Structure formats: structure tokens, C-alpha cells
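Novice: Input structure: input.txt, which contains compact mmCIF, C-alpha atoms.
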```txt
# COMPACT_ATOMS: atom_id res chain seq x y z
CA MET A 1 26.01 34.70 -26.61
CA ALA A 2 25.92 32.81 -23.31
CA ASN A 3 28.27 33.47 -20.42
CA PHE A 4 28.88 30.08 -18.80
CA THR A 5 31.78 29.81 -16.38
CA LEU A 6 34.10 26.86 -15.86
CA ASP A 7 32.35 26.19 -12.55
CA ASP A 8 29.02 26.09 -14.40
CA VAL A 9 30.44 23.45 -16.73
CA ARG A 10 31.76 21.36 -13.86
CA GLN A 11 28.63 21.58 -11.71
CA ARG A 12 26.12 21.03 -14.50
CA THR A 13 27.90 18.57 -16.75
CA TYR A 14 30.35 16.48 -14.73
CA LYS A 15 28.96 13.09 -13.78
CA ALA A 16 29.10 12.26 -10.10
CA ARG A 17 30.89 9.03 -11.08
CA ASP A 18 32.82 8.48 -14.27
CA ALA A 19 35.57 6.39 -15.81
CA TRP A 20 39.02 7.27 -14.52
CA TRP A 21 40.21 7.83 -18.10
CA THR A 22 37.52 10.45 -18.58
CA VAL A 23 38.05 12.12 -15.19
CA LEU A 24 41.84 12.34 -15.43
CA LEU A 25 42.60 12.57 -19.14
CA VAL A 26 39.52 14.01 -20.84
CA ASP A 27 37.48 16.25 -18.54
CA PRO A 28 40.24 18.82 -17.86
CA LEU A 29 40.45 19.58 -21.59
CA ALA A 30 36.81 18.91 -22.46
CA ALA A 31 35.50 21.30 -19.79
CA ARG A 32 37.46 24.22 -21.24
CA LEU A 33 36.44 23.34 -24.78
CA VAL A 34 32.81 23.08 -23.67
CA LYS A 35 32.99 26.53 -22.05
CA PHE A 36 34.38 28.06 -25.24
CA THR A 37 31.97 26.19 -27.51
CA ALA A 38 28.90 27.04 -25.44
CA ASN A 39 29.82 30.73 -25.09
CA ARG A 40 31.30 31.50 -28.49
CA THR A 41 29.67 29.21 -31.03
CA ARG A 42 26.32 27.80 -32.09
CA ILE A 43 27.64 24.27 -32.45
CA THR A 44 25.03 21.71 -31.40
CA PRO A 45 25.55 18.43 -29.54
CA ASN A 46 24.61 16.45 -32.65
CA GLN A 47 27.23 18.31 -34.69
CA LEU A 48 29.82 17.38 -32.09
CA THR A 49 28.66 13.75 -32.30
CA VAL A 50 29.18 13.79 -36.07
CA GLY A 51 32.58 15.45 -35.60
CA ALA A 52 33.59 12.72 -33.14
CA LEU A 53 32.70 10.07 -35.72
CA ILE A 54 34.70 11.85 -38.44
CA LEU A 55 37.77 12.03 -36.20
CA GLY A 56 37.27 8.39 -35.28
CA LEU A 57 37.18 7.38 -38.93
CA GLY A 58 40.31 9.48 -39.45
CA ALA A 59 41.98 7.51 -36.65
CA GLY A 60 40.97 4.31 -38.44
CA ALA A 61 42.55 5.52 -41.66
CA CYS A 62 45.79 6.19 -39.80
CA PHE A 63 45.69 2.75 -38.18
CA ALA A 64 45.29 1.11 -41.58
CA ALA A 65 48.63 2.56 -42.70
CA ALA A 66 50.26 0.39 -39.99
CA SER A 67 53.63 2.17 -39.74
CA TRP A 68 54.63 3.60 -36.37
CA PRO A 69 54.10 7.33 -37.20
CA TRP A 70 50.57 6.57 -38.38
CA LEU A 71 49.86 4.45 -35.31
CA LEU A 72 50.77 7.41 -33.12
CA ALA A 73 48.67 9.76 -35.24
CA GLY A 74 45.74 7.37 -35.03
CA ALA A 75 46.01 7.17 -31.25
CA VAL A 76 45.97 10.98 -30.97
CA LEU A 77 42.98 11.27 -33.29
CA TYR A 78 41.10 8.61 -31.35
CA HIS A 79 41.66 10.47 -28.09
CA LEU A 80 40.42 13.71 -29.69
CA SER A 81 37.44 11.83 -31.08
CA PHE A 82 36.57 10.57 -27.61
CA THR A 83 36.98 14.10 -26.21
CA LEU A 84 34.43 15.42 -28.72
CA ASP A 85 32.20 12.48 -27.85
CA CYS A 86 32.28 13.57 -24.20
CA MET A 87 31.65 17.19 -25.15
CA ASP A 88 28.35 16.54 -26.91
CA GLY A 89 26.69 15.29 -23.74
CA LYS A 90 28.18 18.11 -21.67
CA ILE A 91 26.89 20.75 -24.09
CA ALA A 92 23.46 19.10 -24.05
CA ARG A 93 23.33 19.13 -20.23
CA LEU A 94 24.73 22.64 -19.94
CA LYS A 95 22.28 24.19 -22.43
CA GLY A 96 19.39 21.84 -21.88
CA THR A 97 19.38 20.87 -25.56
CA GLY A 98 19.57 17.10 -25.22
CA SER A 99 17.18 14.91 -27.19
CA VAL A 100 16.21 11.28 -27.57
CA PHE A 101 17.50 11.32 -31.12
CA GLY A 102 20.80 12.79 -29.98
CA ALA A 103 21.25 10.01 -27.41
CA TRP A 104 20.51 7.40 -30.09
CA LEU A 105 22.91 9.05 -32.55
CA ASP A 106 25.68 9.17 -29.97
CA TYR A 107 25.27 5.49 -29.11
CA ILE A 108 25.18 4.30 -32.74
CA PHE A 109 28.14 6.44 -33.81
CA ASP A 110 30.16 5.13 -30.86
CA ARG A 111 29.62 1.58 -32.04
CA VAL A 112 30.44 2.51 -35.64
CA ARG A 113 33.68 4.15 -34.53
CA VAL A 114 34.75 1.08 -32.56
CA LEU A 115 33.91 -1.24 -35.45
CA ALA A 116 35.73 0.88 -38.04
CA CYS A 117 38.84 1.37 -35.91
CA ALA A 118 39.03 -2.29 -34.88
CA VAL A 119 38.84 -3.44 -38.49
CA ALA A 120 41.30 -0.78 -39.70
CA LEU A 121 43.87 -1.35 -36.94
CA MET A 122 43.95 -5.12 -37.25
CA ALA A 123 43.65 -5.14 -41.05
CA GLY A 124 46.63 -2.81 -41.28
CA GLN A 125 48.69 -5.07 -39.07
CA TYR A 126 47.56 -8.16 -40.99
CA ALA A 127 48.54 -6.55 -44.30
CA ALA A 128 51.94 -5.63 -42.89
CA THR A 129 52.71 -8.97 -41.20
CA GLY A 130 50.46 -11.60 -42.75
CA ASN A 131 49.66 -12.83 -39.23
CA VAL A 132 46.07 -14.13 -39.23
CA ALA A 133 45.88 -13.64 -35.44
CA TYR A 134 45.11 -9.97 -36.13
CA VAL A 135 41.90 -11.01 -37.93
CA TRP A 136 40.74 -12.95 -34.89
CA THR A 137 41.77 -10.08 -32.63
CA ALA A 138 39.57 -7.70 -34.63
CA LEU A 139 36.61 -10.05 -34.22
CA GLY A 140 37.33 -10.34 -30.50
CA VAL A 141 37.41 -6.57 -30.00
CA VAL A 142 34.10 -6.05 -31.82
CA PHE A 143 32.46 -8.94 -29.95
CA LEU A 144 33.61 -7.74 -26.52
CA ASP A 145 32.51 -4.18 -27.20
CA MET A 146 29.09 -5.41 -28.32
CA LEU A 147 28.80 -7.75 -25.33
CA ARG A 148 29.72 -5.04 -22.84
CA TYR A 149 27.21 -2.49 -24.09
CA MET A 150 24.42 -4.99 -24.58
CA ASP A 151 24.94 -6.14 -21.01
CA ALA A 152 25.01 -2.55 -19.74
CA LEU A 153 21.74 -1.70 -21.48
CA GLU A 154 20.01 -4.85 -20.25
CA ILE A 155 21.12 -4.34 -16.63
CA TYR A 156 19.99 -0.72 -16.82
CA LYS A 157 16.59 -1.77 -18.18
CA VAL A 158 16.07 -4.49 -15.57
CA ARG A 159 17.07 -2.20 -12.71
CA SER A 160 14.64 0.43 -13.95
CA GLN A 161 11.85 -2.15 -14.04
CA MET A 162 12.67 -3.32 -10.52
CA ARG A 163 12.63 0.25 -9.20
CA THR A 164 9.26 0.86 -10.84
CA THR A 165 7.83 -2.32 -9.30
CA LEU A 166 9.11 -1.37 -5.84
CA LEU A 167 7.73 2.15 -6.15
CA GLU A 168 4.30 0.84 -7.11
CA ALA A 169 4.37 -1.62 -4.19
CA ARG A 170 5.34 1.15 -1.79
CA ARG A 171 2.54 3.44 -2.98
CA GLU A 172 -0.01 0.64 -2.60
CA ALA A 173 1.28 -0.21 0.88
CA GLU A 174 1.16 3.43 1.98
CA ALA A 175 -2.36 3.88 0.59
CA LEU A 176 -3.56 0.77 2.42
CA GLU A 177 -1.81 1.88 5.59
CA GLU A 178 -3.69 5.19 5.43
CA ALA A 179 -7.00 3.39 4.82
CA VAL A 180 -6.47 1.08 7.82
CA ARG A 181 -5.42 3.96 10.03
CA ARG A 182 -8.57 5.93 9.19
CA ALA A 183 -10.79 2.90 9.62
CA ASP A 184 -9.32 2.27 13.09
CA GLY A 185 -9.26 5.95 14.03
CA ARG A 186 -5.58 5.82 14.91
CA ASP A 187 -2.85 8.37 14.19
CA ALA A 188 -0.28 5.70 13.36
CA LEU A 189 0.07 1.96 12.98
CA PRO A 190 2.72 -0.20 14.67
CA GLY A 191 5.62 -0.74 12.31
CA ALA A 192 4.16 1.58 9.67
CA GLY A 193 7.48 3.36 9.19
CA GLU A 194 9.02 0.12 8.00
CA VAL A 195 7.26 0.45 4.63
CA GLY A 196 9.39 3.38 3.53
CA ALA A 197 12.51 1.88 5.09
CA ASP A 198 11.96 -1.39 3.23
CA LEU A 199 11.69 0.42 -0.06
CA ARG A 200 14.74 2.60 0.53
CA SER A 201 16.75 -0.49 1.41
CA ALA A 202 15.54 -2.32 -1.69
CA GLU A 203 16.09 0.65 -4.00
CA GLY A 204 19.58 1.11 -2.56
CA ALA A 205 20.36 -2.53 -3.19
CA LEU A 206 19.73 -2.06 -6.89
CA GLY A 207 22.59 0.39 -7.29
CA ALA A 208 23.37 2.11 -10.59
CA ASP A 209 24.90 0.76 -13.70
CA PRO A 210 28.48 2.05 -14.20
CA GLU A 211 28.13 2.65 -17.91
CA MET A 212 24.63 4.08 -17.98
CA GLU A 213 25.13 6.47 -15.07
CA GLU A 214 24.12 10.01 -16.08
CA GLN A 215 23.81 11.84 -12.77
CA VAL A 216 25.77 15.06 -12.34
CA VAL A 217 27.74 16.35 -9.37
CA GLY A 218 24.87 18.19 -7.70
CA ASP A 219 22.45 15.28 -8.02
CA THR A 220 23.01 14.03 -4.48
CA GLU A 221 19.64 12.32 -4.05
CA ARG A 222 20.29 9.92 -6.89
CA ALA A 223 23.91 9.49 -5.85
CA ASN A 224 22.82 8.38 -2.38
CA ALA A 225 20.77 5.62 -4.00
CA ASP A 226 23.95 4.04 -5.28
CA LEU A 227 24.16 1.33 -2.64
CA GLN A 228 24.71 -2.37 -2.85
CA ALA A 229 23.41 -3.68 0.44
CA GLY A 230 24.03 -7.38 -0.07
CA PHE A 231 27.45 -6.90 -1.63
CA TYR A 232 28.65 -4.43 1.00
CA LYS A 233 27.56 -6.78 3.76
CA ARG A 234 29.81 -9.49 2.31
CA PHE A 235 32.73 -7.19 1.45
CA PRO A 236 32.76 -4.22 3.88
CA TRP A 237 36.33 -3.33 2.90
CA TYR A 238 35.04 -2.43 -0.57
CA ILE A 239 33.18 0.57 0.85
CA ARG A 240 36.43 2.24 1.88
CA ILE A 241 37.95 1.81 -1.58
CA ARG A 242 34.73 2.98 -3.21
CA ASN A 243 34.54 6.12 -1.08
CA VAL A 244 38.15 7.08 -1.80
CA LEU A 245 37.55 6.74 -5.54
CA LEU A 246 34.23 8.57 -5.46
CA ARG A 247 35.83 11.56 -3.77
CA GLY A 248 37.69 11.98 -7.05
CA ARG A 249 34.53 11.16 -9.10
CA ILE A 250 36.12 7.88 -10.19
CA ARG A 251 33.77 4.91 -10.25
CA PRO A 252 35.00 1.61 -8.82
CA HIS A 253 34.41 -0.10 -12.18
CA LEU A 254 38.02 0.65 -13.14
CA ILE A 255 38.18 -1.21 -16.46
CA SER A 256 34.92 -0.63 -18.28
CA GLY A 257 34.09 -0.33 -21.95
CA ILE A 258 35.81 3.05 -22.05
CA GLU A 259 39.13 1.84 -20.66
CA PHE A 260 38.93 -1.21 -22.92
CA GLN A 261 38.57 1.03 -25.98
CA MET A 262 41.43 3.24 -24.87
CA GLY A 263 43.61 0.19 -24.26
CA VAL A 264 42.92 -1.07 -27.79
CA PHE A 265 42.96 2.17 -29.77
CA ILE A 266 45.38 4.37 -27.80
CA VAL A 267 47.64 2.34 -25.52
CA ALA A 268 48.16 -0.56 -27.96
CA PRO A 269 49.11 1.60 -30.99
CA VAL A 270 51.43 3.77 -28.87
CA VAL A 271 53.19 0.74 -27.40
CA ALA A 272 53.34 -0.94 -30.82
CA ALA A 273 55.00 2.16 -32.27
CA ALA A 274 57.93 1.45 -29.96
CA VAL A 275 57.62 -2.35 -29.70
CA PRO A 276 56.44 -3.97 -32.95
CA GLY A 277 53.98 -6.79 -32.39
CA ALA A 278 52.74 -5.43 -29.06
CA ILE A 279 49.18 -4.77 -30.21
CA ILE A 280 47.79 -8.25 -29.57
CA PRO A 281 49.30 -8.63 -26.06
CA VAL A 282 48.04 -5.18 -25.00
CA VAL A 283 44.58 -5.92 -26.41
CA CYS A 284 44.50 -9.24 -24.54
CA VAL A 285 45.42 -7.55 -21.24
CA SER A 286 42.73 -4.91 -21.79
CA ALA A 287 40.16 -7.59 -22.63
CA ALA A 288 41.04 -9.66 -19.57
CA GLY A 289 40.71 -6.62 -17.32
CA MET A 290 37.33 -5.68 -18.75
CA LEU A 291 35.99 -9.23 -18.49
CA ALA A 292 37.12 -9.46 -14.86
CA PHE A 293 35.27 -6.28 -13.96
CA GLU A 294 32.23 -7.39 -15.96
CA LEU A 295 32.02 -10.55 -13.89
CA PHE A 296 32.34 -8.35 -10.82
CA ILE A 297 29.40 -6.20 -11.97
CA ILE A 298 27.29 -9.27 -12.80
CA TYR A 299 27.98 -10.69 -9.33
CA LYS A 300 26.88 -7.43 -7.71
CA PHE A 301 23.78 -7.38 -9.90
CA TRP A 302 22.95 -10.94 -8.85
CA LEU A 303 23.17 -9.97 -5.18
CA SER A 304 21.02 -6.92 -5.90
CA SER A 305 18.37 -9.08 -7.53
CA ARG A 306 18.22 -11.26 -4.41
CA ASP A 307 17.86 -8.20 -2.17
CA TYR A 308 15.16 -6.90 -4.49
CA SER A 309 13.20 -10.17 -4.31
CA ARG A 310 13.37 -10.26 -0.52
CA SER A 311 12.34 -6.62 -0.15
CA LEU A 312 9.48 -6.96 -2.63
CA ALA A 313 8.22 -10.07 -0.84
CA LYS A 314 8.27 -8.16 2.44
CA LEU A 315 6.37 -5.23 0.91
CA ASN A 316 3.82 -7.61 -0.60
CA GLY A 317 3.40 -9.25 2.81
CA THR A 318 2.77 -5.83 4.32
CA ILE A 319 0.18 -5.10 1.63
CA GLU A 320 -1.66 -8.35 2.29
CA GLY A 321 -1.57 -7.66 6.04
CA TYR A 322 -3.14 -4.23 5.58
CA ARG A 323 -5.79 -5.64 3.26
CA ALA A 324 -6.74 -8.19 5.89
CA GLN A 325 -7.24 -5.38 8.44
CA LEU A 326 -9.65 -3.41 6.26
CA PRO A 327 -13.35 -3.85 7.10
CA ALA A 328 -15.29 -5.88 4.54
CA GLU A 329 -17.17 -3.67 2.10
CA GLU A 330 -20.85 -4.40 1.54
CA PRO A 331 -21.92 -4.58 -2.10
CA GLU A 332 -23.34 -1.29 -3.30
CA HIS A 333 -26.52 -2.98 -4.61
CA SER A 334 -27.33 -4.87 -1.37
CA ALA A 335 -29.84 -2.29 -0.03
CA ASP A 336 -31.66 -2.04 -3.34
CA ALA A 337 -31.84 -5.83 -3.58
CA ALA A 338 -33.44 -6.00 -0.14
CA VAL A 339 -36.12 -3.48 -1.13
CA VAL A 340 -36.90 -5.30 -4.34
CA GLY A 341 -37.17 -8.63 -2.50
CA SER A 342 -39.60 -7.27 0.05
CA SER A 343 -41.84 -5.64 -2.54
CA GLY A 344 -42.12 -8.91 -4.45
```
Show this structure as C-alpha cells.
Specialist:
Amino acid sequence: MANFTLDDVRQRTYKARDAWWTVLLVDPLAARLVKFTANRTRITPNQLTVGALILGLGAGACFAAASWPWLLAGAVLYHLSFTLDCMDGKIARLKGTGSVFGAWLDYIFDRVRVLACAVALMAGQYAATGNVAYVWTALGVVFLDMLRYMDALEIYKVRSQMRTTLLEARREAEALEEAVRRADGRDALPGAGEVGADLRSAEGALGADPEMEEQVVGDTERANADLQAGFYKRFPWYIRIRNVLLRGRIRPHLISGIEFQMGVFIVAPVVAAAVPGAIIPVVCVSAAGMLAFELFIIYKFWLSSRDYSRSLAKLNGTIEGYRAQLPAEEPEHSADAAVVGSSG
């Protein structure tokens, strides 16, 4: 059996930035469970993913019963389900047993759990009250969850493409810089250091998506890339808030898909157990908070895309400038053609 310590779990599996719900209410328990599971059992990350889905479906069954004791039971089961869902990734990072299939399974089962619990919670309330608003609330929860994660995946994909484009431009610029330097017989070119600086500035402007972030605590190089140059220039006060939160590993995206889920499937049932009819108001507040932060993220992404375009244009200008400085190459067949012409 392995002998991982609690510090091993924290250093190797904690994300450098995470949702405040996870940092404050899940990680303290999940870390200890991960240590025990990794050292004492042969449970795999995929088995934990399946277990999280089973608990989630159990929470849905409790929600469907609609009475206050079952609402409380469902909220507890949902929290345990989410804890297991966090554990599978931690086990994978700790043991190095992650897989592409496991990531796919985790994502799909998360969506299934949200769908099942949304339908069960609102259907139970509709059956108990006859209020059709619960049907529309269920549709709203499923739609918002889908929208959030589709948007997160698309932003992640686009940012990855932009980084790849910038990296390729930088490599081409540096190769041309070296060719010009050798052709001129110089040790350095004026302004040559700006190529790397331009790229670092552009890469920093892209930032990292709050939902798709997978870096761990020790991954400082990637953490330092989490900059938003254009946004920070417009809102310098945001940096202070961001830094305070990041010291506690809490990302500034305070109401993300995770907090939205917890608002719907934990906070709303608990409040409704004490105050009948509170589910819809709590869900609406959670939805409004998530949408506000989504608009915030989209705005930052828009600024990042502008910084990216400017930086790429500057790199391309540098590339064209270096190309213009290179001596013209004579065609390889020119000498042979001259010989053939003279012999004719």
C-alpha cells in the first residue's frame, strides 16, 4: 500500500484556484478521505465517479419525496456526491492514474446528476403543490447549467488556440531574428528582446478559464500566466481583491457553475425545509448571481481577445520586418542554368 501524507494530498491535488465552496466546505473533508482511500484501498477514480453519480441519483430520489425531512436528506446526499466527485480528480492527480476516458466520464456524469436532481426536485414540488412554476424552474436550471459549461468549454478551447497561435508566431520571430543576426554578423539586434516580452504580455492577457482550471498549488509557472492585462488596466482595484482571494486559493469567479448547483440542490432544499415555497426564490437568486459573473467573465474574455489581436499583429509585424532584412536567396538551379545556356 502507498504512504501518502496529508501534505502530499494538498500539494499534489489542490488546485491553485478553486471555487470557494470547494475550498471551504469540501477540500477539508475530501483531502482526508483521499489520503485514506489512496493509502488503504484500491478504489479507482472512475469508481469514485460512478459512486458520485449513485449518490447524486439518491439525492434526486429524496428530493422527489418533497417533504422537509427528505429535502434535508437530499441536500446532504448531494453534498456527499459532490465530495466524491472532487475526490476522483484528486486521486487521479495523486497517483497519476488519470485518463481521457475518466475526464469524459466525470463530465458526463456531472451533467446527468444535475439533470436528474433538477427534474426530481422540481417534479416533487410540483406534485406536492400543483404550481406549474416548478416545471419552468426545472427547465431553467437545466438550461443555465448547460449554458455555463458549454461557454466554459468554448472559452477554454479558444484560449488554447490563441496561445498556440502566439507560440508559433514567437518561434517564427525568434528563428528569423537568429537568421538576421547571423547574416549581419551581430551578437544582438535592436529591440530583439521585445519578441519574448510581446508574447508573455499576450499570453498573460488570455488568462485562464475559472471552470476549466486544473493547475495545482505547486504549478507556479502556469499560475503566473493568469493575467488579464487589458482588464486590470481598466480596473486596478480588482487586483487587490483578486490577490486576497488567491491567497486562500479562492478564485474571483465567486458564483460559478459549482456555487449555482449548490444553491439549487443544497441551499434551496435546506431553506425550503424551514420555509415552504422558498425553493424558487433561492434558485432565482443563485441564477442571477451566476449570470452576473458569467457576463463578467465574458467581458474579461472580450478584453483578452483584443489584447491578443494587438499582440499578434505586433509579432506579425516583427516577423515581416525580419524577413525584409534577410538577404535575397538565389535560386539553387541558377548556376546550372548558366552552364547549360553557355554550352548551347
Novice: When you look at segment 265-275 of chain A with a cut-off of 8 Å (counting all atoms listed in the file), what residues show up, excluding the ones that are within fewer than 6 positions of it in the same chain? I need them as a count of residues only.
Specialist: 14
Novice: A:Ile239, A:Gly102, A:Ala183, A:Glu168: which is nearest Pro327 of chain A, counting all atoms listed in the file?
Specialist: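 Looking only at the distances to Pro327 of chain A, the closest residue turns out to be A:Ala183.
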Novice: Looking at all atoms listed in the file, which of A:Pro281, A:Val50, A:Asp307, A:Ser286 is the one that sits closest to Tyr232 of chain A?
Specialist: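 Checking each candidate against Tyr232 of chain A, we get A:Asp307 as the closest.
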Novice: Using only C-alpha atoms, which of A:Val112, A:Ala73, A:Val119, A:Val9 sits nearest Trp136 of chain A?
Specialist: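 Checking each candidate against Trp136 of chain A, we get A:Val119 as the closest.
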Novice: Taking all atoms listed in the file into account, name the residue in A:Ala278, A:Val114, A:Leu254, A:Ala103 that is nearest to Ala292 of chain A.
Specialist: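 Checking each candidate against Ala292 of chain A, we get A:Leu254 as the closest.
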Novice: Quick one: of A:Val135, A:Val285, A:Ala2, A:Ala16, who's nearest to Leu94 of chain A, counting all atoms listed in the file?
Specialist: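 Of A:Val135, A:Val285, A:Ala2, A:Ala16, the one nearest Leu94 of chain A is A:Ala2, counting all atoms listed in the file.
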Novice: Please compute the atom CA of Pro276 of chain A-atom CA of Ala120 of chain A distance, one decimal, in Å.
Specialist: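 Going from atom CA of Pro276 of chain A over to atom CA of Ala120 of chain A, I get 16.9 Å.
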Novice: Here's a test: counting only C-alpha atoms, identify every protein, DNA and RNA residue with an atom at most 12 Å from (27.7, 1.6, -32.5) in the file's coordinate frame, and state them as an MDAnalysis selection string.
Specialist: chainID A and resid 53 103:117 142:143 145:150
Novice: Skip Tyr238 of chain A itself and residues of its chain fewer than 2 positions away, then list as a ChimeraX atom specification all residues within 12 Å of it, counting only C-alpha atoms.
Specialist: /A:227-229,231-236,240-245,252-253,300
Novice: When you draw a straight line from atom CA of Leu139 of chain A to atom CA of Lys157 of chain A, how long is it in Å?
Specialist: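 Calculated distance between atom CA of Leu139 of chain A and atom CA of Lys157 of chain A is 27.0 Å.
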Novice: Pick the closest to Tyr322 of chain A from A:Met262, A:Arg251, A:Ala175, A:Leu303: which is it, counting only C-alpha atoms?
Specialist: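 Of the candidates, the smallest distance to Tyr322 of chain A is held by A:Ala175.
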Novice: Provide the atom CA of Gln47 of chain A to atom CA of Leu33 of chain A distance in Å, to one decimal place.
Specialist: 14.4 Å
Novice: Would you kindly return, as a PyMOL selection string, each protein, DNA or RNA residue with an atom no farther than 8 Å from any atom of Leu77 of chain A, considering only C-alpha atoms and excluding same-chain residues fewer than 6 positions away?
Specialist: chain A and resi 55-56+58-59
